[in-house]
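**Q** Below is the file protein-v4.txt, which contains compact mmCIF, C-alpha atoms.
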# COMPACT_ATOMS: atom_id res chain seq x y z
CA MET A 1 24.44 -9.44 -10.41
CA ILE A 2 23.54 -11.21 -7.15
CA ARG A 3 25.99 -11.92 -4.36
CA ALA A 4 24.97 -13.26 -0.97
CA ARG A 5 27.21 -14.29 1.89
CA GLY A 6 26.17 -16.05 5.06
CA LEU A 7 22.55 -15.19 4.39
CA GLU A 8 20.21 -16.04 7.22
CA ARG A 9 16.65 -15.11 7.99
CA ARG A 10 14.68 -15.89 11.11
CA PHE A 11 10.99 -15.51 11.81
CA GLY A 12 10.85 -15.51 15.58
CA GLU A 13 12.51 -18.74 16.65
CA LYS A 14 12.25 -20.28 13.20
CA ARG A 15 15.39 -20.13 11.11
CA VAL A 16 14.52 -20.29 7.40
CA LEU A 17 17.87 -19.78 5.66
CA GLU A 18 21.14 -20.72 7.29
CA GLY A 19 24.39 -19.19 6.10
CA LEU A 20 23.52 -19.25 2.41
CA ASP A 21 26.22 -18.19 -0.08
CA LEU A 22 25.10 -17.34 -3.58
CA ASP A 23 26.60 -15.87 -6.75
CA VAL A 24 24.49 -15.30 -9.84
CA ALA A 25 25.99 -13.52 -12.83
CA ALA A 26 24.06 -11.46 -15.35
CA GLY A 27 22.30 -13.63 -17.90
CA GLU A 28 22.13 -16.69 -15.66
CA THR A 29 19.03 -18.58 -14.63
CA LEU A 30 19.03 -19.91 -11.09
CA LEU A 31 16.55 -22.63 -10.23
CA VAL A 32 15.73 -22.73 -6.51
CA THR A 33 14.07 -25.90 -5.34
CA GLY A 34 13.00 -27.33 -2.03
CA PRO A 35 9.97 -28.48 -0.07
CA ASN A 36 7.38 -26.16 1.44
CA GLY A 37 8.91 -24.01 4.15
CA ALA A 38 12.47 -24.46 2.91
CA GLY A 39 12.85 -20.73 2.35
CA LYS A 40 12.37 -20.31 -1.41
CA SER A 41 9.90 -17.44 -1.10
CA THR A 42 11.97 -15.88 1.69
CA LEU A 43 15.06 -15.95 -0.52
CA LEU A 44 13.19 -14.21 -3.34
CA ALA A 45 11.83 -11.57 -0.95
CA LEU A 46 15.37 -10.99 0.36
CA LEU A 47 16.68 -10.57 -3.18
CA ALA A 48 13.84 -8.18 -4.00
CA GLY A 49 14.68 -6.11 -0.93
CA LEU A 50 11.30 -6.72 0.68
CA LEU A 51 12.92 -8.45 3.64
CA ALA A 52 16.18 -7.71 5.38
CA PRO A 53 18.47 -10.60 6.34
CA THR A 54 18.77 -11.42 10.02
CA ARG A 55 22.44 -12.21 9.39
CA GLY A 56 24.77 -12.04 6.44
CA GLU A 57 24.57 -9.76 3.48
CA VAL A 58 22.99 -9.69 0.08
CA ASP A 59 24.03 -7.46 -2.78
CA VAL A 60 21.86 -7.11 -5.87
CA THR A 61 23.53 -4.77 -8.33
CA VAL A 62 20.43 -3.71 -10.27
CA ASP A 63 18.18 -0.86 -9.23
CA ARG A 64 14.74 -1.82 -7.94
CA ALA A 65 13.25 -0.35 -11.12
CA GLU A 66 14.87 -3.25 -12.98
CA ILE A 67 13.45 -6.01 -10.79
CA GLY A 68 10.34 -7.97 -11.76
CA TYR A 69 8.99 -9.81 -8.73
CA LEU A 70 6.31 -12.48 -8.94
CA ALA A 71 4.99 -13.44 -5.52
CA HIS A 72 2.37 -15.96 -4.41
CA GLU A 73 -0.19 -13.15 -4.55
CA PRO A 74 -0.58 -11.24 -7.82
CA LEU A 75 0.12 -7.86 -6.07
CA VAL A 76 -2.74 -6.19 -7.92
CA TYR A 77 -5.88 -4.45 -6.67
CA ARG A 78 -8.87 -6.76 -6.75
CA GLU A 79 -11.39 -3.98 -7.32
CA LEU A 80 -9.53 -2.57 -10.31
CA THR A 81 -9.47 -3.99 -13.82
CA PRO A 82 -6.33 -5.42 -15.48
CA LEU A 83 -6.06 -2.26 -17.56
CA GLU A 84 -6.27 0.00 -14.49
CA ASN A 85 -3.79 -2.10 -12.51
CA LEU A 86 -1.24 -2.24 -15.31
CA ASP A 87 -1.69 1.45 -16.07
CA LEU A 88 -0.91 2.28 -12.43
CA TYR A 89 2.20 0.10 -12.40
CA GLY A 90 3.20 1.41 -15.83
CA ARG A 91 3.12 4.97 -14.52
CA LEU A 92 5.09 4.11 -11.39
CA TYR A 93 7.70 2.22 -13.44
CA ARG A 94 7.86 5.00 -16.09
CA VAL A 95 7.14 2.54 -18.89
CA GLY A 96 7.59 4.16 -22.28
CA GLU A 97 4.70 3.76 -24.75
CA ARG A 98 2.74 2.41 -21.81
CA ARG A 99 -0.58 1.81 -23.52
CA GLU A 100 0.97 -0.13 -26.37
CA ARG A 101 3.06 -2.25 -24.00
CA ILE A 102 0.02 -2.99 -21.79
CA GLY A 103 -2.09 -3.87 -24.81
CA MET A 104 0.59 -6.19 -26.15
CA LEU A 105 0.96 -8.03 -22.83
CA LEU A 106 -2.79 -8.37 -22.30
CA GLU A 107 -3.13 -9.80 -25.82
CA ARG A 108 -0.24 -12.17 -25.29
CA PHE A 109 -1.53 -13.55 -22.00
CA GLY A 110 -5.10 -13.84 -23.24
CA LEU A 111 -6.52 -11.06 -21.06
CA TRP A 112 -7.50 -8.52 -23.68
CA GLU A 113 -11.17 -9.51 -23.65
CA ALA A 114 -11.19 -9.30 -19.83
CA ARG A 115 -9.33 -5.99 -19.66
CA HIS A 116 -12.34 -4.10 -18.27
CA GLU A 117 -13.39 -6.76 -15.75
CA ARG A 118 -12.51 -6.48 -12.08
CA VAL A 119 -9.73 -8.74 -10.87
CA SER A 120 -11.99 -9.93 -8.02
CA THR A 121 -13.99 -11.90 -10.62
CA PHE A 122 -10.89 -13.72 -11.90
CA SER A 123 -9.92 -17.31 -11.24
CA ARG A 124 -6.53 -18.06 -9.65
CA GLY A 125 -5.05 -18.83 -13.06
CA THR A 126 -6.36 -15.65 -14.69
CA ALA A 127 -5.02 -13.58 -11.81
CA GLN A 128 -1.65 -15.30 -12.25
CA ARG A 129 -1.66 -14.31 -15.94
CA LEU A 130 -2.22 -10.72 -14.89
CA ALA A 131 0.56 -11.01 -12.32
CA LEU A 132 2.90 -12.15 -15.10
CA CYS A 133 1.86 -9.12 -17.20
CA ARG A 134 2.68 -6.90 -14.22
CA VAL A 135 6.08 -8.51 -13.75
CA LEU A 136 7.05 -8.24 -17.42
CA LEU A 137 5.56 -4.77 -17.98
CA HIS A 138 8.77 -2.80 -17.46
CA GLU A 139 11.05 -5.39 -19.11
CA PRO A 140 13.10 -6.05 -15.98
CA ALA A 141 16.76 -7.07 -16.05
CA LEU A 142 16.23 -9.34 -13.03
CA LEU A 143 13.21 -11.61 -12.80
CA LEU A 144 12.38 -13.11 -9.41
CA LEU A 145 9.65 -15.67 -9.98
CA ASP A 146 8.00 -17.61 -7.18
CA GLU A 147 6.13 -20.62 -8.58
CA PRO A 148 5.38 -18.96 -11.94
CA TYR A 149 3.20 -21.86 -13.16
CA SER A 150 0.95 -21.80 -10.11
CA GLY A 151 -2.68 -21.96 -11.19
CA LEU A 152 -1.90 -21.70 -14.90
CA ASP A 153 -3.52 -23.91 -17.52
CA ALA A 154 -1.50 -25.64 -20.25
CA GLU A 155 -1.87 -22.76 -22.71
CA ALA A 156 -0.64 -20.12 -20.26
CA SER A 157 2.16 -22.41 -19.05
CA VAL A 158 3.45 -22.60 -22.62
CA LEU A 159 3.49 -18.77 -22.73
CA VAL A 160 5.64 -18.73 -19.61
CA ASP A 161 7.94 -21.36 -21.16
CA GLU A 162 8.29 -19.16 -24.24
CA GLU A 163 8.99 -16.05 -22.17
CA LEU A 164 11.62 -17.75 -20.05
CA GLY A 165 13.14 -19.64 -22.96
CA ALA A 166 13.44 -16.67 -25.30
CA PRO A 167 16.88 -15.02 -25.26
CA LYS A 168 16.61 -11.62 -23.54
CA GLY A 169 20.14 -10.32 -23.58
CA SER A 170 21.63 -10.31 -20.12
CA ARG A 171 18.38 -10.86 -18.26
CA THR A 172 18.89 -12.79 -15.05
CA VAL A 173 16.20 -15.08 -13.71
CA VAL A 174 15.75 -16.61 -10.28
CA LEU A 175 12.98 -19.21 -10.26
CA ALA A 176 11.62 -20.83 -7.14
CA THR A 177 9.59 -24.00 -7.45
CA HIS A 178 8.93 -27.24 -5.63
CA ASP A 179 8.38 -28.93 -9.00
CA PRO A 180 11.59 -28.37 -11.00
CA ALA A 181 11.01 -30.85 -13.86
CA ARG A 182 9.48 -28.27 -16.22
CA LEU A 183 12.26 -25.72 -15.66
CA GLU A 184 15.24 -28.06 -15.57
CA GLY A 185 16.29 -27.28 -19.14
CA LEU A 186 16.34 -23.51 -18.53
CA ALA A 187 18.54 -23.48 -15.46
CA THR A 188 22.23 -22.59 -15.61
CA GLN A 189 22.51 -22.93 -11.82
CA ARG A 190 20.61 -24.91 -9.23
CA LEU A 191 20.10 -24.33 -5.55
CA ALA A 192 18.37 -26.96 -3.44
CA LEU A 193 17.11 -25.67 -0.09
CA ALA A 194 16.45 -28.25 2.58
CA MET B 1 9.18 16.91 -9.17
CA THR B 2 6.69 16.52 -12.03
CA GLN B 3 7.09 12.74 -11.84
CA TYR B 4 6.56 12.81 -8.08
CA VAL B 5 3.34 14.79 -8.46
CA GLY B 6 2.28 12.42 -11.25
CA ASP B 7 2.90 9.39 -9.00
CA VAL B 8 0.92 10.95 -6.15
CA ALA B 9 -1.93 11.81 -8.52
CA ALA B 10 -2.02 8.28 -10.00
CA LEU B 11 -2.00 6.65 -6.54
CA ALA B 12 -4.61 9.01 -5.07
CA ARG B 13 -6.84 8.56 -8.11
CA LYS B 14 -6.58 4.80 -7.61
CA ASP B 15 -7.67 5.14 -3.96
CA LEU B 16 -10.68 7.24 -4.87
CA LEU B 17 -11.60 4.82 -7.65
CA LEU B 18 -11.36 1.88 -5.23
CA GLU B 19 -13.67 3.66 -2.79
CA LEU B 20 -16.10 4.50 -5.58
CA ARG B 21 -16.23 0.80 -6.49
CA ALA B 22 -16.13 -0.87 -3.06
CA ARG B 23 -17.84 1.88 -0.98
CA ASP B 24 -16.59 0.38 2.23
CA THR B 25 -15.04 3.42 3.96
CA LEU B 26 -16.92 6.65 3.27
CA PRO B 27 -20.48 5.41 3.93
CA ALA B 28 -19.31 3.97 7.27
CA MET B 29 -17.65 7.26 8.20
CA LEU B 30 -20.73 9.30 7.25
CA LEU B 31 -23.07 7.06 9.21
CA PHE B 32 -20.76 6.99 12.20
CA VAL B 33 -20.29 10.74 12.50
CA LEU B 34 -23.99 11.39 12.08
CA SER B 35 -24.93 8.70 14.61
CA ALA B 36 -22.36 9.98 17.09
CA LEU B 37 -23.74 13.51 16.91
CA VAL B 38 -27.31 12.26 17.32
CA VAL B 39 -26.29 10.22 20.38
CA PHE B 40 -24.37 13.19 21.83
CA HIS B 41 -27.41 15.39 21.26
CA PHE B 42 -29.54 13.17 23.45
CA ALA B 43 -26.74 12.38 25.92
CA LEU B 44 -25.93 16.00 26.71
CA PRO B 45 -28.28 17.37 29.41
CA ASP B 46 -30.45 20.38 28.64
CA GLY B 47 -28.70 23.60 29.43
CA SER B 48 -25.21 22.20 28.89
CA SER B 49 -22.71 24.78 27.83
CA ARG B 50 -21.52 25.27 24.26
CA LEU B 51 -18.06 24.40 25.60
CA ALA B 52 -19.18 20.83 26.20
CA ALA B 53 -20.84 20.66 22.79
CA GLY B 54 -17.65 21.93 21.13
CA GLY B 55 -15.69 19.16 22.81
CA LEU B 56 -18.12 16.52 21.57
CA LEU B 57 -17.71 17.72 17.98
CA TRP B 58 -13.99 17.01 18.21
CA VAL B 59 -14.55 13.62 19.78
CA ALA B 60 -16.80 12.73 16.85
CA ILE B 61 -14.23 13.97 14.31
CA VAL B 62 -11.31 12.04 15.83
CA PHE B 63 -13.20 8.76 16.11
CA THR B 64 -14.66 9.12 12.61
CA ALA B 65 -11.12 9.59 11.33
CA LEU B 66 -10.02 6.50 13.25
CA LEU B 67 -12.76 4.50 11.55
CA GLY B 68 -11.60 5.60 8.11
CA LEU B 69 -7.92 5.08 8.89
CA GLY B 70 -8.62 1.52 9.99
CA ARG B 71 -9.56 0.77 6.41
CA ALA B 72 -7.01 2.96 4.65
CA PHE B 73 -4.56 0.17 3.81
CA VAL B 74 -6.99 -2.74 3.58
CA ALA B 75 -6.71 -3.05 -0.20
CA GLU B 76 -2.92 -2.99 -0.02
CA ARG B 77 -2.80 -5.47 2.87
CA ASP B 78 -5.24 -8.04 1.46
CA GLN B 79 -3.27 -8.84 -1.66
CA ARG B 80 0.14 -7.63 -0.43
CA VAL B 81 -0.12 -4.90 -3.05
CA LEU B 82 2.03 -2.70 -0.84
CA ASP B 83 4.98 -4.96 -1.75
CA GLY B 84 4.33 -4.20 -5.40
CA LEU B 85 4.13 -0.46 -4.74
CA ILE B 86 7.30 -0.25 -2.67
CA LEU B 87 9.24 -2.19 -5.30
CA ALA B 88 8.33 0.42 -7.91
CA PRO B 89 11.04 3.02 -8.55
CA SER B 90 8.88 5.95 -7.49
CA ASP B 91 9.66 7.71 -4.21
CA ARG B 92 7.98 5.73 -1.44
CA SER B 93 6.76 8.87 0.26
CA ALA B 94 4.44 9.28 -2.75
CA ILE B 95 2.47 6.29 -1.42
CA TRP B 96 2.01 8.07 1.92
CA LEU B 97 1.12 11.40 0.35
CA ALA B 98 -1.42 9.87 -2.03
CA LYS B 99 -3.03 7.91 0.78
CA ALA B 100 -3.10 11.03 2.97
CA VAL B 101 -4.83 12.93 0.15
CA SER B 102 -7.53 10.27 -0.12
CA VAL B 103 -7.95 10.15 3.69
CA LEU B 104 -8.29 13.93 3.62
CA ALA B 105 -10.97 13.70 0.92
CA PHE B 106 -12.96 11.18 2.97
CA LEU B 107 -12.64 13.33 6.12
CA ALA B 108 -13.77 16.40 4.23
CA ALA B 109 -16.80 14.51 2.94
CA ALA B 110 -17.65 13.28 6.45
CA GLU B 111 -17.35 16.78 7.86
CA ALA B 112 -19.51 18.23 5.11
CA ILE B 113 -22.24 16.21 6.86
CA ALA B 114 -20.96 16.58 10.43
CA LEU B 115 -20.71 20.37 10.62
CA PRO B 116 -24.27 21.14 9.41
CA ALA B 117 -25.52 18.36 11.72
CA PHE B 118 -23.62 19.92 14.62
CA GLY B 119 -25.17 23.28 13.76
CA LEU B 120 -28.60 21.68 13.76
CA PHE B 121 -28.25 19.75 17.03
CA PHE B 122 -26.02 22.04 19.10
CA ALA B 123 -24.89 25.50 18.06
CA PRO B 124 -24.06 27.43 14.90
CA VAL B 125 -20.63 26.58 13.48
CA SER B 126 -18.28 29.54 13.48
CA ARG B 127 -15.71 30.34 10.80
CA ALA B 128 -12.97 29.63 13.32
CA THR B 129 -14.38 26.15 13.88
CA VAL B 130 -14.41 25.47 10.13
CA ALA B 131 -10.83 26.72 9.85
CA ALA B 132 -9.81 24.54 12.80
CA VAL B 133 -11.47 21.49 11.27
CA VAL B 134 -9.64 22.05 7.97
CA LEU B 135 -6.30 22.42 9.75
CA ALA B 136 -6.96 19.45 12.01
CA ASP B 137 -7.86 17.32 9.00
CA LEU B 138 -4.43 17.95 7.52
CA GLY B 139 -2.76 16.76 10.71
CA ILE B 140 -5.09 13.78 11.10
CA ALA B 141 -4.46 12.70 7.49
CA ALA B 142 -0.68 13.09 7.79
CA VAL B 143 -0.21 11.32 11.12
CA GLY B 144 -3.08 8.85 10.72
CA THR B 145 -1.86 7.60 7.34
CA LEU B 146 1.58 6.83 8.72
CA PHE B 147 0.19 4.96 11.73
CA SER B 148 -2.37 3.20 9.56
CA ALA B 149 0.48 1.84 7.41
CA MET B 150 2.35 0.72 10.53
CA ALA B 151 -0.73 -0.97 11.98
CA ALA B 152 -1.58 -2.64 8.67
CA ALA B 153 1.64 -4.65 8.88
CA SER B 154 0.69 -5.99 12.30
CA ARG B 155 -1.62 -8.85 13.25
CA ALA B 156 -3.05 -6.81 16.11
CA ARG B 157 -3.86 -3.91 13.80
CA GLU B 158 -7.29 -3.16 15.29
CA LEU B 159 -5.68 -2.69 18.69
CA LEU B 160 -2.48 -1.06 17.50
CA LEU B 161 -4.00 1.72 15.39
CA PRO B 162 -5.93 3.43 18.23
CA LEU B 163 -2.92 3.04 20.53
CA LEU B 164 -0.67 4.74 18.02
CA PHE B 165 -3.13 7.26 16.65
CA LEU B 166 -4.96 8.68 19.66
CA PRO B 167 -2.04 10.06 21.74
CA PRO B 168 -0.73 12.36 18.98
CA MET B 169 -4.31 13.52 18.41
CA ILE B 170 -4.47 15.11 21.87
CA PRO B 171 -2.71 18.34 20.76
CA LEU B 172 -5.05 18.53 17.75
CA VAL B 173 -8.10 18.14 19.98
CA ILE B 174 -6.78 20.82 22.36
CA GLY B 175 -6.16 23.17 19.44
CA GLY B 176 -9.47 22.33 17.80
CA VAL B 177 -11.57 22.76 20.94
CA GLY B 178 -9.68 25.95 21.75
CA ALA B 179 -10.41 27.41 18.31
CA THR B 180 -14.06 26.35 18.61
CA VAL B 181 -14.77 27.92 22.01
CA ALA B 182 -12.22 30.70 22.52
CA GLU B 183 -13.02 34.36 21.95
CA ALA B 184 -9.68 34.81 20.17
CA PRO B 185 -9.06 31.61 18.19
CA ALA B 186 -6.05 32.85 16.19
CA ARG B 187 -3.38 31.38 18.45
CA TYR B 188 -5.13 27.98 18.43
CA LEU B 189 -5.30 28.06 14.65
CA GLY B 190 -1.62 28.97 14.55
CA PHE B 191 -0.89 26.05 16.85
CA LEU B 192 -2.80 23.68 14.55
CA ALA B 193 -0.93 24.98 11.50
CA ALA B 194 2.41 24.48 13.25
CA TYR B 195 1.41 20.94 14.25
CA ASP B 196 0.47 20.18 10.64
CA ALA B 197 3.75 21.49 9.26
CA LEU B 198 5.88 19.63 11.81
CA PHE B 199 4.11 16.28 11.61
CA ALA B 200 3.64 16.35 7.84
CA ILE B 201 7.41 16.68 7.40
CA LEU B 202 8.11 13.97 10.00
CA CYS B 203 5.62 11.54 8.45
CA TRP B 204 6.75 12.27 4.90
CA ALA B 205 10.38 11.62 5.84
CA SER B 206 9.74 8.51 7.92
CA PHE B 207 7.27 6.62 5.72
CA GLU B 208 9.98 4.80 3.79
CA TYR B 209 11.29 3.29 7.05
CA VAL B 210 7.81 2.24 8.06
CA VAL B 211 7.11 0.23 4.91
CA THR B 212 10.53 -1.36 4.56
CA GLU B 213 12.46 -3.44 7.04
Could I get this file's structure written as structure tokens?
**A**
Amino acid sequence: MIRARGLERRFGEKRVLEGLDLDVAAGETLLVTGPNGAGKSTLLALLAGLLAPTRGEVDVTVDRAEIGYLAHEPLVYRELTPLENLDLYGRLYRVGERRERIGMLLERFGLWEARHERVSTFSRGTAQRLALCRVLLHEPALLLLDEPYSGLDAEASVLVDEELGAPKGSRTVVLATHDPARLEGLATQRLALA
Amino acid sequence: MTQYVGDVAALARKDLLLELRARDTLPAMLLFVLSALVVFHFALPDGSSRLAAGGLLWVAIVFTALLGLGRAFVAERDQRVLDGLILAPSDRSAIWLAKAVSVLAFLAAAEAIALPAFGLFFAPVSRATVAAVVLADLGIAAVGTLFSAMAAASRARELLLPLLFLPPMIPLVIGGVGATVAEAPARYLGFLAAYDALFAILCWASFEYVVTE
């Protein structure tokens, strides 16, 4: 599903990835670890197609409609409510039975009561829950998750564990974290960036 | 096609809803255009020609548009929401078109104040002037939205947007002023319509390359 050869990305003079080769088959879970600045987020952005490599090539065989991308920011509008944000994304992603799917996700991630509140009033953790709802809304075949536990409390972290641990057919997951202990058991491949 | 129109409608509705909630673009545009016309009224010497007044109307319109365009992609930039939108499977030009529609709505609202104010302070507004303003708005929204998206990705966005936006506005100002003051405004209106058609197609086709690397 993912094939990268000689992948390199520079930001000005700074070289973040250097000649990275990567093969991830459908159904695998790749755990990407490394300290801050090692290039974990850059790798995910390259796989999502948000950045172009400076050198090398990356081939992701799924259409962008099948990618679920969790970034550091929740990628939602702060002045809209969770319901309005998810409805917008649901329309753009052509989610079938959109309202039911949104309702189910909001219930699951404990946001149903807050569905009419503006995101600007949310804590970091609550916004991260909404970001997870956004990522899972269209049931993507490829999940690109950058620090999925960031800001989450114990209850929400368990929900993420359940989501990642549950068998989802051939769903492929790429997880970036600087704290791999929690995700070690899920990984079928590991990539340590220096 | 139906899906494309649906995407544009959903995105434009979102922009209008955001403005209704945050109210950080339209009130500033309304105040600016009104203030500019008041200042021009007192700055222009008694007995100045209607040609000069017509020119000042277009200066006010262009700079009011610039003010609005500076905020057009603020919501997308702040939370990197644009990344989320461009990852969606919808045609990326729908993002540009929806944003252009909302910019057009804000411009129309600003001019609903500006034209009567111009009539009050300077001279009656002719039908040709109204037609020219409508046509110019289309061009401003099309070109301005594209450059606003380009500037939003830059750190020097406040500097970059005027540098990008003002040069292509010169033909619109020439056409607009011409339609406002000429005895036979038809050819100026035709020029504005041609500008709109050409630049709308160019901006629509190039937006995808602006928002992706």
**Q** Got a sec to pull out which chain B residues are within 8 Å of chain A, counting all atoms listed in the file, and send them as a list in words?
**A**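 Interface list for chain B against chain A: Asp7, Ala10, Leu11, Lys14, Leu18, Arg21, Ala22, Ala75, Glu76, Gln79, Arg80, Val81, Leu82, Asp83, Gly84, Leu85, Leu87, Ala88, Pro89, Ser90, Thr212 and Glu213 of chain B.
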**Q** Box for segment 182-195 of chain B: with edges along x, y and z, all listed atoms inside and 3 Å added on each side, what are the centre and edge lengths in Å to one decimal, as JSON?
**A**
{"center_x": -5.3, "center_y": 27.9, "center_z": 17.0, "size_x": 21.4, "size_y": 19.9, "size_z": 17.0}
**Q** Considering all atoms listed in the file, state which residue in the set B:Val173, B:Leu146, B:Ala182, B:Leu160 is at the smallest distance from Leu97 of chain B.
**A**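 Checking each of B:Val173, B:Leu146, B:Ala182, B:Leu160 against Leu97 of chain B, counting all atoms listed in the file, the winner is B:Leu146.
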**Q** Would you list the residues near (3.2, 0.3, -22.6), meaning any protein, DNA or RNA residue with an atom at most 10 Å from that point in file coordinates, counting all atoms listed in the file, as a ChimeraX atom specification?
**A** /A:86-87,90-91,94-105,137-138
**Q** Generate the output file for the selected residues, C-alpha atoms, as a compact mmCIF listing (two decimals), in the frame of the given file.
**A**
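So again18.txt came out as:
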# COMPACT_ATOMS: atom_id res chain seq x y z
CA LEU A 86 -1.24 -2.24 -15.31
CA ASP A 87 -1.69 1.45 -16.07
CA GLY A 90 3.20 1.41 -15.83
CA ARG A 91 3.12 4.97 -14.52
CA ARG A 94 7.86 5.00 -16.09
CA VAL A 95 7.14 2.54 -18.89
CA GLY A 96 7.59 4.16 -22.28
CA GLU A 97 4.70 3.76 -24.75
CA ARG A 98 2.74 2.41 -21.81
CA ARG A 99 -0.58 1.81 -23.52
CA GLU A 100 0.97 -0.13 -26.37
CA ARG A 101 3.06 -2.25 -24.00
CA ILE A 102 0.02 -2.99 -21.79
CA GLY A 103 -2.09 -3.87 -24.81
CA MET A 104 0.59 -6.19 -26.15
CA LEU A 105 0.96 -8.03 -22.83
CA LEU A 137 5.56 -4.77 -17.98
CA HIS A 138 8.77 -2.80 -17.46
**Q** Between A:Met1, A:Leu46, A:Ala187, A:Cys133, which one has atoms that come closest to Leu20 of chain A, using all atoms listed in the file?
**A** A:Leu46
**Q** Could you pull the residues within 10 Å of Ala192 of chain A, counting only C-alpha atoms, minus those fewer than 6 positions along the same chain, as a ChimeraX atom specification?
**A** /A:31-35,38,40,176,178
**Q** Quick one: everything within 12 Å of Leu198 of chain B, counting all atoms listed in the file, minus sequence neighbours fewer than 4 positions away in the same chain. Send it as a list of chain:residue names.
**A**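 Here the qualifying residues turn out to be B:Leu138, B:Gly139, B:Ala142, B:Val143, B:Phe191, B:Leu192, B:Ala193, B:Ala194, B:Leu202, B:Cys203, B:Trp204, B:Ala205.
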**Q** Can you work out the spacing between atom CA of Thr180 of chain B and atom CA of Lys99 of chain B in Å, to one decimal?
**A**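 Between these atoms lies a distance of 27.9 Å.
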**Q** Separation of atom CA of Val210 of chain B and atom CA of Asp24 of chain B, in Å?
**A**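 Separation of atom CA of Val210 of chain B and atom CA of Asp24 of chain B: 25.2 Å.
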**Q** Near segment 106-115 of chain B, counting all atoms listed in the file, which residues have an atom at most 9 Å away, once you skip same-chain residues fewer than 2 positions from it, shown as an mmCIF file with C-alpha atoms, keeping the file's coordinate frame?
**A**
data_model
loop_
_atom_site.group_PDB
_atom_site.id
_atom_site.type_symbol
_atom_site.label_atom_id
_atom_site.label_comp_id
_atom_site.auth_asym_id
_atom_site.auth_seq_id
_atom_site.Cartn_x
_atom_site.Cartn_y
_atom_site.Cartn_z
ATOM 1 C CA THR B 25 -15.040 3.420 3.960
ATOM 2 C CA LEU B 26 -16.920 6.650 3.270
ATOM 3 C CA PRO B 27 -20.480 5.410 3.930
ATOM 4 C CA MET B 29 -17.650 7.260 8.200
ATOM 5 C CA LEU B 30 -20.730 9.300 7.250
ATOM 6 C CA LEU B 31 -23.070 7.060 9.210
ATOM 7 C CA VAL B 33 -20.290 10.740 12.500
ATOM 8 C CA LEU B 34 -23.990 11.390 12.080
ATOM 9 C CA LEU B 37 -23.740 13.510 16.910
ATOM 10 C CA LEU B 57 -17.710 17.720 17.980
ATOM 11 C CA ALA B 60 -16.800 12.730 16.850
ATOM 12 C CA ILE B 61 -14.230 13.970 14.310
ATOM 13 C CA THR B 64 -14.660 9.120 12.610
ATOM 14 C CA ALA B 65 -11.120 9.590 11.330
ATOM 15 C CA GLY B 68 -11.600 5.600 8.110
ATOM 16 C CA VAL B 101 -4.830 12.930 0.150
ATOM 17 C CA SER B 102 -7.530 10.270 -0.120
ATOM 18 C CA VAL B 103 -7.950 10.150 3.690
ATOM 19 C CA LEU B 104 -8.290 13.930 3.620
ATOM 20 C CA ALA B 117 -25.520 18.360 11.720
ATOM 21 C CA PHE B 118 -23.620 19.920 14.620
ATOM 22 C CA GLY B 119 -25.170 23.280 13.760
ATOM 23 C CA LEU B 120 -28.600 21.680 13.760
ATOM 24 C CA PRO B 124 -24.060 27.430 14.900
ATOM 25 C CA VAL B 125 -20.630 26.580 13.480
ATOM 26 C CA VAL B 130 -14.410 25.470 10.130
ATOM 27 C CA VAL B 133 -11.470 21.490 11.270
ATOM 28 C CA VAL B 134 -9.640 22.050 7.970
ATOM 29 C CA ASP B 137 -7.860 17.320 9.000
ATOM 30 C CA ALA B 141 -4.460 12.700 7.490
#
**Q** Near Leu166 of chain B, counting only C-alpha atoms, which residues have an atom at most 10 Å away, once you skip same-chain residues fewer than 6 positions from it, shown as an MDAnalysis selection string?
**A** chainID B and resid 62:63 66 140 144 173
